[in-house]
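Have a look at model02.cif below; it lists mmCIF, C-alpha atoms.
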data_target
#
loop_
_atom_site.label_atom_id
_atom_site.label_comp_id
_atom_site.auth_asym_id
_atom_site.auth_seq_id
_atom_site.Cartn_x
_atom_site.Cartn_y
_atom_site.Cartn_z
CA MET A 544 7.29 -47.18 16.13
CA ILE A 545 7.50 -46.25 19.79
CA GLU A 546 7.70 -42.59 18.80
CA THR A 547 4.48 -42.87 16.74
CA ARG A 548 2.70 -44.60 19.60
CA LYS A 549 3.71 -41.80 21.98
CA ILE A 550 2.40 -39.16 19.59
CA LYS A 551 -0.91 -41.02 19.27
CA ILE A 552 -1.33 -41.38 23.02
CA ILE A 553 -0.58 -37.67 23.57
CA MET A 554 -3.10 -36.76 20.87
CA LEU A 555 -5.76 -39.00 22.34
CA VAL A 556 -5.28 -37.40 25.75
CA LEU A 557 -5.33 -33.84 24.35
CA VAL A 558 -8.45 -34.45 22.25
CA ALA A 559 -10.15 -36.09 25.24
CA ILE A 560 -9.31 -33.08 27.47
CA VAL A 561 -10.61 -30.56 24.94
CA THR A 562 -13.75 -32.65 24.34
CA VAL A 563 -14.51 -32.98 28.04
CA ILE A 564 -13.96 -29.27 28.80
CA ALA A 565 -16.13 -28.17 25.86
CA GLY A 566 -18.66 -30.89 26.64
CA ILE A 567 -19.08 -29.67 30.23
CA GLN A 568 -19.67 -26.10 29.03
CA LEU A 569 -22.25 -27.22 26.48
CA TYR A 570 -23.93 -29.54 29.02
CA GLN A 571 -24.22 -26.70 31.53
CA HIS A 572 -25.65 -24.40 28.85
CA ARG A 573 -28.24 -26.98 27.79
CA HIS A 574 -29.36 -27.50 31.39
CA TYR A 575 -29.25 -23.84 32.53
CA ASP A 576 -32.78 -22.72 33.39
CA VAL A 577 -33.85 -19.07 33.29
CA PRO A 578 -36.56 -18.18 35.83
CA ILE A 579 -39.60 -16.26 34.59
CA VAL A 580 -42.07 -14.81 37.08
CA ALA A 581 -45.76 -15.26 36.33
CA GLY A 582 -46.85 -11.65 36.71
CA PRO A 583 -50.07 -10.24 38.21
CA GLY A 584 -52.00 -10.85 34.99
CA VAL A 585 -51.15 -14.55 34.59
CA THR A 586 -54.27 -16.60 35.33
CA LYS A 587 -53.06 -20.03 34.23
CA VAL A 588 -49.88 -21.74 33.08
CA GLY A 589 -50.18 -24.78 30.87
CA LYS A 590 -47.92 -26.82 28.62
CA LEU A 591 -47.84 -27.01 24.84
CA SER A 592 -48.24 -30.79 25.20
CA ASP A 593 -51.76 -30.14 26.53
CA TYR A 594 -52.65 -29.71 22.84
CA HIS A 595 -50.63 -32.62 21.44
CA ALA A 596 -49.56 -35.46 23.72
CA GLY A 597 -46.80 -36.51 21.31
CA ILE A 598 -44.37 -33.93 22.72
CA LYS A 599 -45.16 -34.64 26.37
CA GLY A 600 -42.06 -35.64 28.31
CA THR A 601 -39.72 -34.49 25.52
CA ILE A 602 -37.43 -31.46 25.49
CA ALA A 603 -39.80 -29.95 22.91
CA ASP A 604 -42.51 -29.36 25.51
CA THR A 605 -42.74 -25.80 26.77
CA ASP A 606 -44.74 -23.49 29.05
CA VAL A 607 -47.80 -21.56 27.85
CA PHE A 608 -48.85 -18.50 29.90
CA PHE A 609 -52.51 -17.46 29.88
CA MET A 610 -53.63 -13.95 30.79
CA GLU A 611 -57.39 -13.77 30.78
CA GLY A 612 -59.53 -10.70 31.31
CA GLU A 613 -62.82 -10.64 33.20
CA GLU A 614 -64.58 -9.27 30.13
CA GLU A 615 -64.82 -11.29 26.91
CA GLY A 616 -63.02 -9.95 23.87
CA GLY A 617 -60.40 -10.89 21.32
CA SER A 618 -57.67 -13.46 21.81
CA MET A 619 -54.03 -13.15 20.85
CA LEU A 620 -51.15 -15.65 20.92
CA VAL A 621 -47.59 -14.32 21.11
CA ILE A 622 -44.90 -16.85 20.16
CA CYS A 623 -41.32 -16.01 21.14
CA ASN A 624 -37.94 -17.73 20.68
CA THR A 625 -38.98 -19.56 17.56
CA HIS A 626 -35.34 -18.74 16.78
CA SER A 627 -33.56 -18.44 20.11
CA ASN A 628 -30.51 -16.65 18.69
CA GLU A 629 -32.86 -13.72 18.02
CA ILE A 630 -32.77 -12.84 21.70
CA VAL A 631 -35.09 -9.85 21.52
CA ALA A 632 -38.07 -12.19 21.19
CA GLY A 633 -37.45 -13.96 24.49
CA LEU A 634 -36.86 -10.65 26.28
CA THR A 635 -40.15 -9.31 24.88
CA ALA A 636 -41.93 -12.38 26.25
CA PHE A 637 -40.40 -11.88 29.71
CA MET A 638 -41.57 -8.24 29.80
CA ILE A 639 -45.10 -9.22 28.77
CA VAL A 640 -45.53 -12.22 31.08
CA GLU A 641 -44.09 -10.41 34.11
CA ASN A 642 -46.05 -7.15 33.64
CA ALA A 643 -49.18 -7.49 31.50
CA VAL A 644 -52.65 -7.36 33.00
CA VAL A 645 -55.57 -8.19 30.71
CA GLU A 646 -58.89 -6.50 31.43
CA LYS A 647 -60.69 -7.59 28.28
CA GLY A 648 -59.93 -10.56 26.03
CA ARG A 649 -57.21 -13.19 26.34
CA LEU A 650 -53.48 -12.93 25.81
CA ILE A 651 -51.47 -16.16 25.57
CA VAL A 652 -47.66 -16.15 25.49
CA ILE A 653 -45.16 -18.92 24.71
CA PRO A 654 -41.76 -17.50 25.78
CA GLN A 655 -39.63 -20.46 24.60
CA PHE A 656 -41.32 -21.93 21.53
CA ASN A 657 -38.38 -24.01 20.28
CA ASN A 658 -37.11 -25.23 23.64
CA SER A 659 -34.53 -27.52 22.06
CA GLY A 660 -33.16 -24.63 19.96
CA GLY A 661 -33.05 -22.47 23.07
CA ARG A 662 -30.64 -24.97 24.63
CA ASN A 663 -28.48 -25.29 21.54
CA THR A 664 -25.69 -23.10 20.12
CA ARG A 665 -24.20 -22.57 16.67
CA SER A 666 -21.09 -24.68 16.40
CA GLY A 667 -18.18 -22.93 14.76
CA ASP A 668 -19.72 -19.45 14.79
CA GLY A 669 -18.32 -18.41 18.17
CA TYR A 670 -21.67 -17.49 19.66
CA PRO A 671 -21.65 -16.48 23.34
CA LEU A 672 -23.50 -19.09 25.38
CA TYR A 673 -25.09 -16.51 27.72
CA PHE A 674 -25.87 -12.80 27.93
CA ASP A 675 -26.67 -10.52 30.87
CA ILE A 676 -29.36 -7.89 31.28
CA ASP A 677 -28.86 -5.25 33.98
CA THR A 678 -31.79 -4.81 36.35
CA PRO A 679 -32.35 -2.62 39.43
CA TRP A 680 -31.78 -5.76 41.58
CA GLY A 681 -28.65 -7.04 39.80
CA SER A 682 -27.76 -8.73 36.59
CA LYS A 683 -29.98 -11.45 35.10
CA THR A 684 -28.33 -14.11 32.95
CA PHE A 685 -30.11 -15.56 29.93
CA ARG A 686 -29.09 -18.41 27.64
CA MET A 687 -28.38 -17.54 24.05
CA GLY A 688 -29.81 -20.30 21.91
CA ASN A 689 -29.73 -21.19 18.25
CA ARG A 690 -31.99 -20.89 15.23
CA ASP A 691 -32.60 -24.62 14.93
CA ALA A 692 -33.41 -27.42 17.35
CA SER A 693 -30.45 -29.45 18.52
CA PRO A 694 -29.55 -32.53 16.49
CA LEU A 695 -29.36 -34.23 19.89
CA ASP A 696 -33.15 -34.03 19.99
CA GLN A 697 -34.06 -34.56 16.34
CA TRP A 698 -31.76 -36.70 14.28
CA PRO A 699 -30.85 -37.50 11.55
CA ASP A 700 -31.54 -34.66 9.11
CA PRO A 701 -32.83 -35.66 5.67
CA ASP A 702 -30.82 -34.76 2.53
CA VAL A 703 -33.67 -32.43 1.59
CA TYR A 704 -36.56 -31.45 3.83
CA VAL A 705 -39.84 -32.14 2.05
CA HIS A 706 -42.36 -29.79 3.63
CA TYR A 707 -45.59 -31.30 4.90
CA PRO A 708 -48.24 -31.04 3.49
CA GLU A 709 -47.22 -28.84 0.53
CA GLY A 710 -44.29 -30.99 -0.60
CA GLN A 711 -42.00 -28.01 -1.26
CA LEU A 712 -38.30 -28.88 -1.12
CA LEU A 713 -36.47 -26.97 1.62
CA SER A 714 -32.96 -26.99 3.01
CA TYR A 715 -32.11 -30.14 5.00
CA MET A 716 -31.58 -28.20 8.25
CA ASP A 717 -35.03 -26.60 8.05
CA VAL A 718 -36.49 -29.84 9.37
CA ARG A 719 -35.27 -28.52 12.76
CA ASN A 720 -36.43 -24.93 12.15
CA THR A 721 -39.80 -24.16 13.75
CA ASN A 722 -40.36 -21.39 11.25
CA ARG A 723 -40.31 -23.87 8.36
CA THR A 724 -42.22 -26.78 9.89
CA TRP A 725 -45.67 -25.15 10.11
CA PRO A 726 -48.43 -26.36 10.13
CA GLY A 727 -46.84 -29.62 11.25
CA ARG A 728 -48.31 -33.07 11.72
CA PRO A 729 -48.91 -35.26 14.78
CA ASP A 730 -46.60 -38.08 13.70
CA GLY A 731 -43.85 -36.10 11.95
CA PRO A 732 -40.37 -35.11 13.15
CA LEU A 733 -40.32 -33.49 16.60
CA MET A 734 -40.32 -29.88 15.34
CA GLU A 735 -43.30 -30.59 13.06
CA GLN A 736 -45.05 -31.91 16.17
CA VAL A 737 -44.23 -28.66 18.04
CA CYS A 738 -45.87 -26.63 15.27
CA PHE A 739 -48.80 -29.06 15.13
CA ALA A 740 -49.31 -28.59 18.89
CA ALA A 741 -49.32 -24.81 18.41
CA MET A 742 -51.81 -25.13 15.54
CA GLU A 743 -54.04 -27.19 17.83
CA LEU A 744 -53.74 -24.48 20.49
CA ILE A 745 -54.69 -21.83 17.92
CA ARG A 746 -57.67 -23.85 16.67
CA ASN A 747 -58.94 -25.07 20.06
CA GLU A 748 -58.57 -21.70 21.83
CA SER A 749 -60.06 -19.81 18.85
CA ILE A 750 -57.11 -17.44 18.63
CA ASP A 751 -57.93 -14.32 16.61
CA ALA A 752 -54.37 -13.12 16.03
CA THR A 753 -51.04 -14.94 16.29
CA ILE A 754 -47.79 -13.01 16.52
CA ASP A 755 -44.42 -14.68 15.92
CA VAL A 756 -41.61 -12.47 17.25
CA HIS A 757 -38.18 -12.43 15.54
CA GLY A 758 -35.03 -10.45 14.79
CA ALA A 759 -33.23 -10.17 11.43
CA GLU A 760 -29.99 -8.98 9.86
CA THR A 761 -29.64 -5.31 8.91
CA MET A 762 -28.46 -6.42 5.44
CA PHE A 763 -31.64 -8.45 4.93
CA PRO A 764 -34.59 -6.54 3.43
CA VAL A 765 -37.17 -8.27 5.63
CA THR A 766 -36.25 -6.44 8.81
CA ASN A 767 -37.78 -3.65 10.88
CA CYS A 768 -41.14 -4.83 9.66
CA VAL A 769 -44.27 -6.90 10.11
CA VAL A 770 -44.81 -9.75 7.66
CA ALA A 771 -48.47 -10.45 6.95
CA PRO A 772 -50.59 -12.46 4.50
CA ASP A 773 -53.59 -10.92 2.75
CA LYS A 774 -56.01 -11.73 5.60
CA SER A 775 -53.85 -9.77 8.10
CA MET A 776 -52.68 -7.05 5.74
CA ARG A 777 -55.12 -4.30 6.68
CA ILE A 778 -54.35 -4.50 10.39
CA ALA A 779 -50.61 -4.78 9.68
CA THR A 780 -50.62 -1.70 7.43
CA MET A 781 -52.55 0.43 9.90
CA THR A 782 -50.22 -0.74 12.69
CA ALA A 783 -47.08 0.17 10.73
CA LEU A 784 -48.42 3.61 9.84
CA THR A 785 -49.53 4.30 13.41
CA VAL A 786 -46.31 3.29 15.18
CA LYS A 787 -44.26 5.28 12.67
CA SER A 788 -46.23 8.43 13.28
CA ARG A 789 -46.89 8.03 17.02
CA GLU A 790 -43.75 6.36 18.30
CA GLY A 791 -41.27 7.66 15.77
CA PHE A 792 -39.45 4.51 14.72
CA ASP A 793 -39.04 3.28 11.18
CA PHE A 794 -41.29 0.34 10.39
CA HIS A 795 -42.89 -1.18 7.30
CA VAL A 796 -45.03 -4.06 6.04
CA GLU A 797 -43.85 -7.03 3.99
CA PRO A 798 -46.35 -9.31 2.24
CA SER A 799 -46.17 -13.00 3.10
CA PRO A 800 -45.16 -14.85 -0.09
CA ALA A 801 -47.81 -17.44 -0.97
CA GLY A 802 -45.27 -19.70 -2.65
CA MET A 803 -42.89 -20.04 0.27
CA ARG A 804 -44.12 -22.71 2.61
CA GLY A 805 -43.60 -23.66 6.22
CA LEU A 806 -43.47 -20.14 7.65
CA SER A 807 -45.73 -19.09 10.51
CA HIS A 808 -47.05 -16.01 8.68
CA ARG A 809 -48.16 -18.26 5.81
CA GLU A 810 -49.35 -21.55 7.29
CA ILE A 811 -51.14 -20.30 10.43
CA GLY A 812 -53.38 -18.18 8.23
CA ASP A 813 -53.96 -20.97 5.72
CA TYR A 814 -54.67 -23.73 8.26
CA SER A 815 -56.70 -21.83 10.89
CA ASP A 816 -59.00 -18.85 11.26
CA SER A 817 -56.30 -16.88 13.06
CA MET A 818 -54.64 -13.84 11.50
CA PRO A 819 -50.85 -14.32 11.59
CA PHE A 820 -48.20 -11.59 11.92
CA LEU A 821 -44.44 -12.03 12.05
CA LEU A 822 -42.44 -9.21 13.61
CA GLU A 823 -38.81 -8.50 12.72
CA ALA A 824 -36.50 -6.09 14.54
CA PRO A 825 -32.94 -5.38 13.36
CA LEU A 826 -30.31 -7.70 14.83
CA PRO A 827 -26.79 -6.60 13.75
CA PHE A 828 -25.25 -9.59 15.55
CA LEU A 829 -26.62 -11.89 12.84
CA ASP A 830 -25.05 -9.99 9.95
CA GLN A 831 -22.08 -11.81 8.44
CA PRO A 832 -19.57 -8.95 7.97
CA THR A 833 -19.18 -7.91 11.61
CA GLY A 834 -16.38 -8.02 14.14
CA PRO A 835 -16.25 -10.70 16.87
CA LYS A 836 -19.60 -12.16 17.90
CA THR A 837 -19.49 -10.85 21.45
CA MET A 838 -22.16 -10.22 24.07
CA ASP A 839 -21.50 -6.50 23.60
CA LEU A 840 -22.36 -6.70 19.89
CA LEU A 841 -25.42 -8.77 20.75
CA LEU A 842 -26.77 -6.14 23.16
CA THR A 843 -25.60 -2.82 21.65
CA GLY A 844 -25.59 -3.70 17.96
CA LYS A 845 -22.55 -1.44 17.52
CA ASP A 846 -20.12 -2.57 14.84
CA PRO A 847 -17.58 -0.55 12.78
CA PHE A 848 -17.96 -2.74 9.69
CA LEU A 849 -21.73 -2.31 9.62
CA LEU A 850 -21.26 1.43 10.12
CA SER A 851 -19.01 1.50 7.07
CA LEU A 852 -21.55 -0.50 5.06
CA SER A 853 -24.29 1.85 6.21
CA GLU A 854 -22.34 4.82 4.81
CA LYS A 855 -22.23 2.97 1.49
CA GLY A 856 -26.01 2.51 1.60
CA MET A 857 -25.88 -1.28 1.89
CA LEU A 858 -28.10 -1.71 4.95
CA PHE A 859 -31.88 -1.87 4.96
CA VAL A 860 -32.26 0.02 8.27
CA PRO A 861 -31.01 3.36 9.58
CA TYR A 862 -27.64 2.76 11.30
CA ASP A 863 -25.23 5.14 13.03
CA GLU A 864 -22.62 5.18 15.81
CA GLU A 865 -25.33 4.28 18.32
CA GLY A 866 -25.80 0.85 16.72
CA TRP A 867 -29.11 -0.88 17.51
CA PRO A 868 -29.41 -1.20 21.30
CA ILE A 869 -31.48 -4.13 22.52
CA GLU A 870 -33.85 -1.69 24.30
CA ARG A 871 -34.88 -0.14 20.98
CA ARG A 872 -35.51 -3.53 19.42
CA ALA A 873 -37.52 -4.87 22.37
CA GLY A 874 -39.44 -1.61 22.66
CA GLN A 875 -40.40 -1.78 19.00
CA HIS A 876 -41.82 -5.24 19.53
CA THR A 877 -43.90 -4.35 22.59
CA SER A 878 -45.27 -1.22 20.91
CA VAL A 879 -46.14 -3.07 17.70
CA ILE A 880 -47.85 -5.87 19.65
CA LEU A 881 -49.94 -3.30 21.55
CA GLU A 882 -50.82 -1.50 18.32
CA LEU A 883 -51.83 -4.77 16.61
CA MET A 884 -54.22 -5.36 19.53
CA SER A 885 -55.58 -1.86 19.18
CA GLN A 886 -56.08 -2.12 15.40
CA MET A 887 -57.76 -5.53 15.73
CA GLY A 888 -60.27 -3.99 18.16
CA ARG A 889 -60.93 -1.06 15.81
CA GLN A 890 -61.61 -3.24 12.78
CA TYR A 891 -63.44 -6.00 14.66
CA PRO A 892 -65.10 -4.47 17.76
CA GLU A 893 -66.04 -7.93 19.10
CA LYS A 894 -62.31 -8.77 19.17
CA GLU A 895 -61.30 -5.76 21.24
CA MET A 896 -58.62 -6.36 23.88
CA ILE A 897 -57.71 -4.11 26.80
CA VAL A 898 -54.27 -4.80 28.22
CA THR A 899 -52.24 -2.70 30.65
CA GLY A 900 -48.75 -3.02 32.06
CA ILE A 901 -46.84 -3.73 28.85
CA PRO A 902 -44.18 -1.02 28.41
CA LYS A 903 -44.11 0.89 25.15
CA TYR A 904 -41.11 1.76 22.97
CA SER A 905 -40.34 5.04 24.73
CA ASP A 906 -40.62 3.37 28.17
CA VAL A 907 -38.23 0.54 27.31
CA VAL A 908 -35.72 2.90 25.66
CA GLU A 909 -35.80 5.22 28.67
CA ASN A 910 -35.80 2.67 31.50
CA GLY A 911 -34.12 -0.35 29.93
CA ILE A 912 -35.43 -3.92 29.74
CA GLY A 913 -34.17 -4.84 33.22
CA TYR A 914 -36.52 -2.29 34.77
CA TYR A 915 -39.43 -4.49 33.66
CA LEU A 916 -38.02 -7.77 34.97
CA THR A 917 -39.08 -9.05 38.39
CA ASP A 918 -36.58 -10.29 40.97
CA PRO A 919 -37.51 -14.00 41.39
CA SER A 920 -36.26 -13.94 45.00
CA THR A 921 -39.05 -11.52 45.96
CA VAL A 922 -41.99 -13.64 44.82
CA ASP A 923 -43.54 -16.89 45.95
CA SER A 924 -41.86 -19.91 44.35
CA SER A 925 -45.20 -21.05 42.94
CA ARG A 926 -45.07 -18.02 40.60
CA ILE A 927 -41.68 -18.94 39.16
CA TYR A 928 -41.33 -21.05 36.01
CA TYR A 929 -38.09 -22.11 34.39
CA GLN A 930 -37.43 -21.67 30.70
CA MET B 739 -36.78 -47.27 17.79
CA PRO B 740 -37.66 -47.22 14.05
CA ILE B 741 -35.61 -49.43 11.73
CA VAL B 742 -34.17 -46.40 9.94
CA MET B 743 -32.72 -45.15 13.25
CA ILE B 744 -31.15 -48.54 13.94
CA LEU B 745 -29.57 -48.38 10.48
CA TYR B 746 -28.22 -44.89 11.20
CA TYR B 747 -26.62 -46.12 14.42
CA ILE B 748 -25.08 -49.06 12.54
CA ILE B 749 -23.68 -46.61 9.95
CA SER B 750 -22.27 -44.45 12.79
CA ILE B 751 -20.58 -47.46 14.40
CA SER B 752 -19.16 -48.54 11.03
CA LEU B 753 -17.73 -45.07 10.32
CA LEU B 754 -16.30 -44.92 13.83
CA GLY B 755 -14.65 -48.30 13.23
CA LEU B 756 -13.13 -47.05 9.97
CA LEU B 757 -11.82 -43.88 11.62
CA THR B 758 -10.31 -45.86 14.50
CA TRP B 759 -8.73 -48.32 12.08
CA ASN B 760 -7.23 -45.45 10.01
CA PHE B 761 -5.96 -43.76 13.16
CA MET B 762 -4.23 -46.92 14.31
CA ARG B 763 -2.72 -47.61 10.88
CA GLU B 764 -1.46 -44.09 10.26
CA LYS B 765 2.30 -44.02 10.87
CA GLU B 766 3.56 -40.76 9.36
CA SER B 767 1.12 -37.88 9.06
CA VAL B 768 0.44 -36.32 12.46
CA THR B 769 -2.16 -34.03 10.84
CA ASP B 770 -4.12 -37.02 9.56
CA MET B 771 -3.99 -38.67 12.98
CA LEU B 772 -5.45 -35.57 14.56
CA LEU B 773 -8.06 -35.29 11.83
CA TYR B 774 -9.27 -38.88 12.41
CA LEU B 775 -9.69 -38.17 16.12
CA ILE B 776 -11.58 -34.91 15.62
CA VAL B 777 -13.89 -36.44 13.01
CA ALA B 778 -14.56 -39.38 15.34
CA ILE B 779 -15.88 -37.17 18.20
CA PRO B 780 -19.48 -36.70 16.95
CA PHE B 781 -19.74 -40.39 16.09
CA ILE B 782 -18.57 -41.39 19.59
CA LEU B 783 -21.09 -39.00 21.18
CA ARG B 784 -23.86 -40.24 18.90
CA VAL B 785 -23.18 -43.93 19.50
CA LEU B 786 -22.92 -43.41 23.26
CA ARG B 787 -26.05 -41.18 23.06
CA VAL B 788 -24.41 -38.46 25.13
CA LYS B 789 -26.58 -35.35 25.44
#

Can you present the structure in this file as structure tokens?
Amino acid sequence: MIETRKIKIIMLVLVAIVTVIAGIQLYQHRHYDVPIVAGPGVTKVGKLSDYHAGIKGTIADTDVFFMEGEEEGGSMLVICNTHSNEIVAGLTAFMIVENAVVEKGRLIVIPQFNNSGGRNTRSGDGYPLYFDIDTPWGSKTFRMGNRDASPLDQWPDPDVYVHYPEGQLLSYMDVRNTNRTWPGRPDGPLMEQVCFAAMELIRNESIDATIDVHGAETMFPVTNCVVAPDKSMRIATMTALTVKSREGFDFHVEPSPAGMRGLSHREIGDYSDSMPFLLEAPLPFLDQPTGPKTMDLLLTGKDPFLLSLSEKGMLFVPYDEEGWPIERRAGQHTSVILELMSQMGRQYPEKEMIVTGIPKYSDVVENGIGYYLTDPSTVDSSRIYYQ
Amino acid sequence: MPIVMILYYIISISLLGLLTWNFMREKESVTDMLLYLIVAIPFILRVLRVK
């Protein structure tokens, strides 16, 4: 009896120690803020809750950066970190916000769309909590988040998520996935309210084009592509053809399936006048048959198992010993965003946008992402925002 | 707080009570003891509303 009691006490102590150590690490990750510098083109910084008061004061609220030109033209919204484990999206947002200058039209960027997901991690998958990007002024540390919002912020999950308003049955966890909860509703679960707020932004600001930036597995066919519904298809096709020929990277168009609900590339187009586009760049880290999920794999995309699968023709993207460096992925996104702007102006002259400062694919590959990040210690504190 | 959330918290407390009771009653299997403790962690955090 005494022996059993001793064992139980030792176990209680050990479990408490492990829980506290892990808890501290997760607490620090959730509360670690990454500074973003409002670059020379940023004219205003608002909050997503400005468009729906229901998320005000919650962890779901997030910054919205406005870059407005002196001349009227088209308007574009770029949404990043819908899925915060697809880190290329957040890095693309940082490069745009810290460098872009708009001469004509309006460019609006949300760097951390699912803020709760950006402060979450994937339990049991061994994700790194942080990753570092080298810059000319030192190393900058970013949080690595998760695909879904944290259950700490939206709980409990239903057995089956019934999409609003279409009623389609989706996986239970998709109720926390801000690429399944579009178009949202003002009194729904928190992530539906986030999407509703973004829909209100799109409708109230008369956004012409909305781009949702992502990354996807190399074994998944919807990667290295732009996903577009019928209303965006012409611009998407011309963009894909142009970047392939001019910039030299492989890229294609995927049609947005009308029967699959809740996705940004479907619902934004159906519930507003905006033309939606969803960008995917290869993200080997997310593939299942890889080695350890390390920061190195996250940034270089090099993995011997994927290389072997590539030789057997089982990947949907070109893959060699070089892997898929983060610079190539981020550069693809910036170039495609710039080309979408250009094609929108060609097809609808009244929606023309003139934007400078955003690096193209070849620039990012040559100089690295860190080259386009600003040292927060060199700017006035009023220009720094924490994501 | 909506009624459904109150019910969920009551369910969490009940399950935590069951796990604690099983842990205290278990006399032989060390593996089961450990299992009860590990399974109890999310319920403790939820009931205490630790974020």

Could I get the residues of chain A with an atom no further than 12 Å from an atom of chain B, each paired with its nearest atom pair and that distance in Å to one decimal, using all atoms listed in the file, sorted by chain and residue number, as CSV?
residue,atom,partner,partner_atom,distance
A:Met544,CA,B:Lys765,CA,7.9
A:Ile545,CA,B:Lys765,CA,10.6
A:Glu546,CA,B:Lys765,CA,9.7
A:Thr547,CA,B:Lys765,CA,6.4
A:Arg548,CA,B:Lys765,CA,8.8
A:Lys549,CA,B:Lys765,CA,11.4
A:Ile550,CA,B:Val768,CA,7.9
A:Lys551,CA,B:Met771,CA,7.4
A:Ile552,CA,B:Met762,CA,10.7
A:Ile553,CA,B:Leu772,CA,10.5
A:Met554,CA,B:Leu772,CA,6.8
A:Leu555,CA,B:Leu775,CA,7.4
A:Val556,CA,B:Leu775,CA,10.6
A:Leu557,CA,B:Leu772,CA,9.9
A:Val558,CA,B:Leu775,CA,7.3
A:Ala559,CA,B:Ile779,CA,9.1
A:Val561,CA,B:Ile776,CA,10.3
A:Thr562,CA,B:Ile779,CA,7.9
A:Val563,CA,B:Ile779,CA,10.8
A:Ala565,CA,B:Ile779,CA,11.8
A:Gly566,CA,B:Lys789,CA,9.2
A:Ile567,CA,B:Lys789,CA,10.6
A:Leu569,CA,B:Lys789,CA,9.3
A:Tyr570,CA,B:Lys789,CA,7.3
A:Gln571,CA,B:Lys789,CA,10.8
A:His572,CA,B:Lys789,CA,11.5
A:Arg573,CA,B:Lys789,CA,8.9
A:His574,CA,B:Lys789,CA,10.2
A:Ile602,CA,B:Lys789,CA,11.5
A:Ser659,CA,B:Lys789,CA,11.7
A:Arg662,CA,B:Lys789,CA,11.2
A:Asn663,CA,B:Lys789,CA,11.0
A:Ser693,CA,B:Lys789,CA,9.9
A:Pro694,CA,B:Lys789,CA,9.8
A:Leu695,CA,B:Lys789,CA,6.3
A:Asp696,CA,B:Lys789,CA,8.6
A:Gln697,CA,B:Met743,CA,11.1
A:Trp698,CA,B:Met743,CA,8.6
A:Pro699,CA,B:Tyr746,CA,7.9
A:Asp700,CA,B:Tyr746,CA,11.0
A:Pro701,CA,B:Val742,CA,11.6

Atomic distance atom CA of Gly812 of chain A - atom CA of Phe637 of chain A, expressed in Å with one decimal: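 So the two atoms, atom CA of Gly812 of chain A and atom CA of Phe637 of chain A, lie 25.9 Å apart.
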
Starting from the PyMOL selection byres ((chain A and resi 913) around 7), expand the selection into actual residues of this file and give them as an mmCIF file with C-alpha atoms, keeping the file's coordinate frame.
data_model
loop_
_atom_site.group_PDB
_atom_site.id
_atom_site.type_symbol
_atom_site.label_atom_id
_atom_site.label_comp_id
_atom_site.auth_asym_id
_atom_site.auth_seq_id
_atom_site.Cartn_x
_atom_site.Cartn_y
_atom_site.Cartn_z
ATOM 1 C CA ILE A 676 -29.360 -7.890 31.280
ATOM 2 C CA ASP A 677 -28.860 -5.250 33.980
ATOM 3 C CA THR A 678 -31.790 -4.810 36.350
ATOM 4 C CA PRO A 679 -32.350 -2.620 39.430
ATOM 5 C CA GLY A 911 -34.120 -0.350 29.930
ATOM 6 C CA ILE A 912 -35.430 -3.920 29.740
ATOM 7 C CA TYR A 914 -36.520 -2.290 34.770
ATOM 8 C CA TYR A 915 -39.430 -4.490 33.660
ATOM 9 C CA LEU A 916 -38.020 -7.770 34.970
#

Separation of atom CA of Arg690 of chain A from atom CA of Cys623 of chain A, in Å and rounded to one decimal: 12.1 Å

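Going from atom CA of Phe674 of chain A over to atom CA of His757 of chain A, you cover 17.5 Å.
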
Result set of the PyMOL selection byres ((chain A and resi 774) around 10) on the coordinates above, as an NGL selection string: :A and (771-773 or 775-779 or 812-813 or 816-819)

Hits of the PyMOL selection byres ((chain A and resi 850-866) around 12) in this structure, as a count of residues only: 42

Polymer residues at most 9 Å from Leu757 of chain B, only C-alpha atoms, same-chain spacing of 3 or more positions, as a VMD selection string: chain B and resid 752 to 754 760 to 762 774 to 775 777 to 778

Residues from the last selection, C-alpha atoms, saved as an mmCIF file, in the coordinates of the input:
data_model
loop_
_atom_site.group_PDB
_atom_site.id
_atom_site.type_symbol
_atom_site.label_atom_id
_atom_site.label_comp_id
_atom_site.auth_asym_id
_atom_site.auth_seq_id
_atom_site.Cartn_x
_atom_site.Cartn_y
_atom_site.Cartn_z
ATOM 1 C CA SER B 752 -19.160 -48.540 11.030
ATOM 2 C CA LEU B 753 -17.730 -45.070 10.320
ATOM 3 C CA LEU B 754 -16.300 -44.920 13.830
ATOM 4 C CA ASN B 760 -7.230 -45.450 10.010
ATOM 5 C CA PHE B 761 -5.960 -43.760 13.160
ATOM 6 C CA MET B 762 -4.230 -46.920 14.310
ATOM 7 C CA TYR B 774 -9.270 -38.880 12.410
ATOM 8 C CA LEU B 775 -9.690 -38.170 16.120
ATOM 9 C CA VAL B 777 -13.890 -36.440 13.010
ATOM 10 C CA ALA B 778 -14.560 -39.380 15.340
#

Nearest candidate to Arg728 of chain A (options A:Leu672, A:Ile897, A:Val786, A:Ile598; using only C-alpha atoms): A:Ile598

Residue nearest Thr605 of chain A among A:Ala752, A:Ala741, A:Ile564, A:Leu712 (counting only C-alpha atoms): A:Ala741

Using all atoms listed in the file: which of B:Leu786, B:Ser750, B:Thr758, B:Ile744 has the shortest distance to Asp770 of chain B: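 Checking each candidate against Asp770 of chain B, we get B:Thr758 as the closest.
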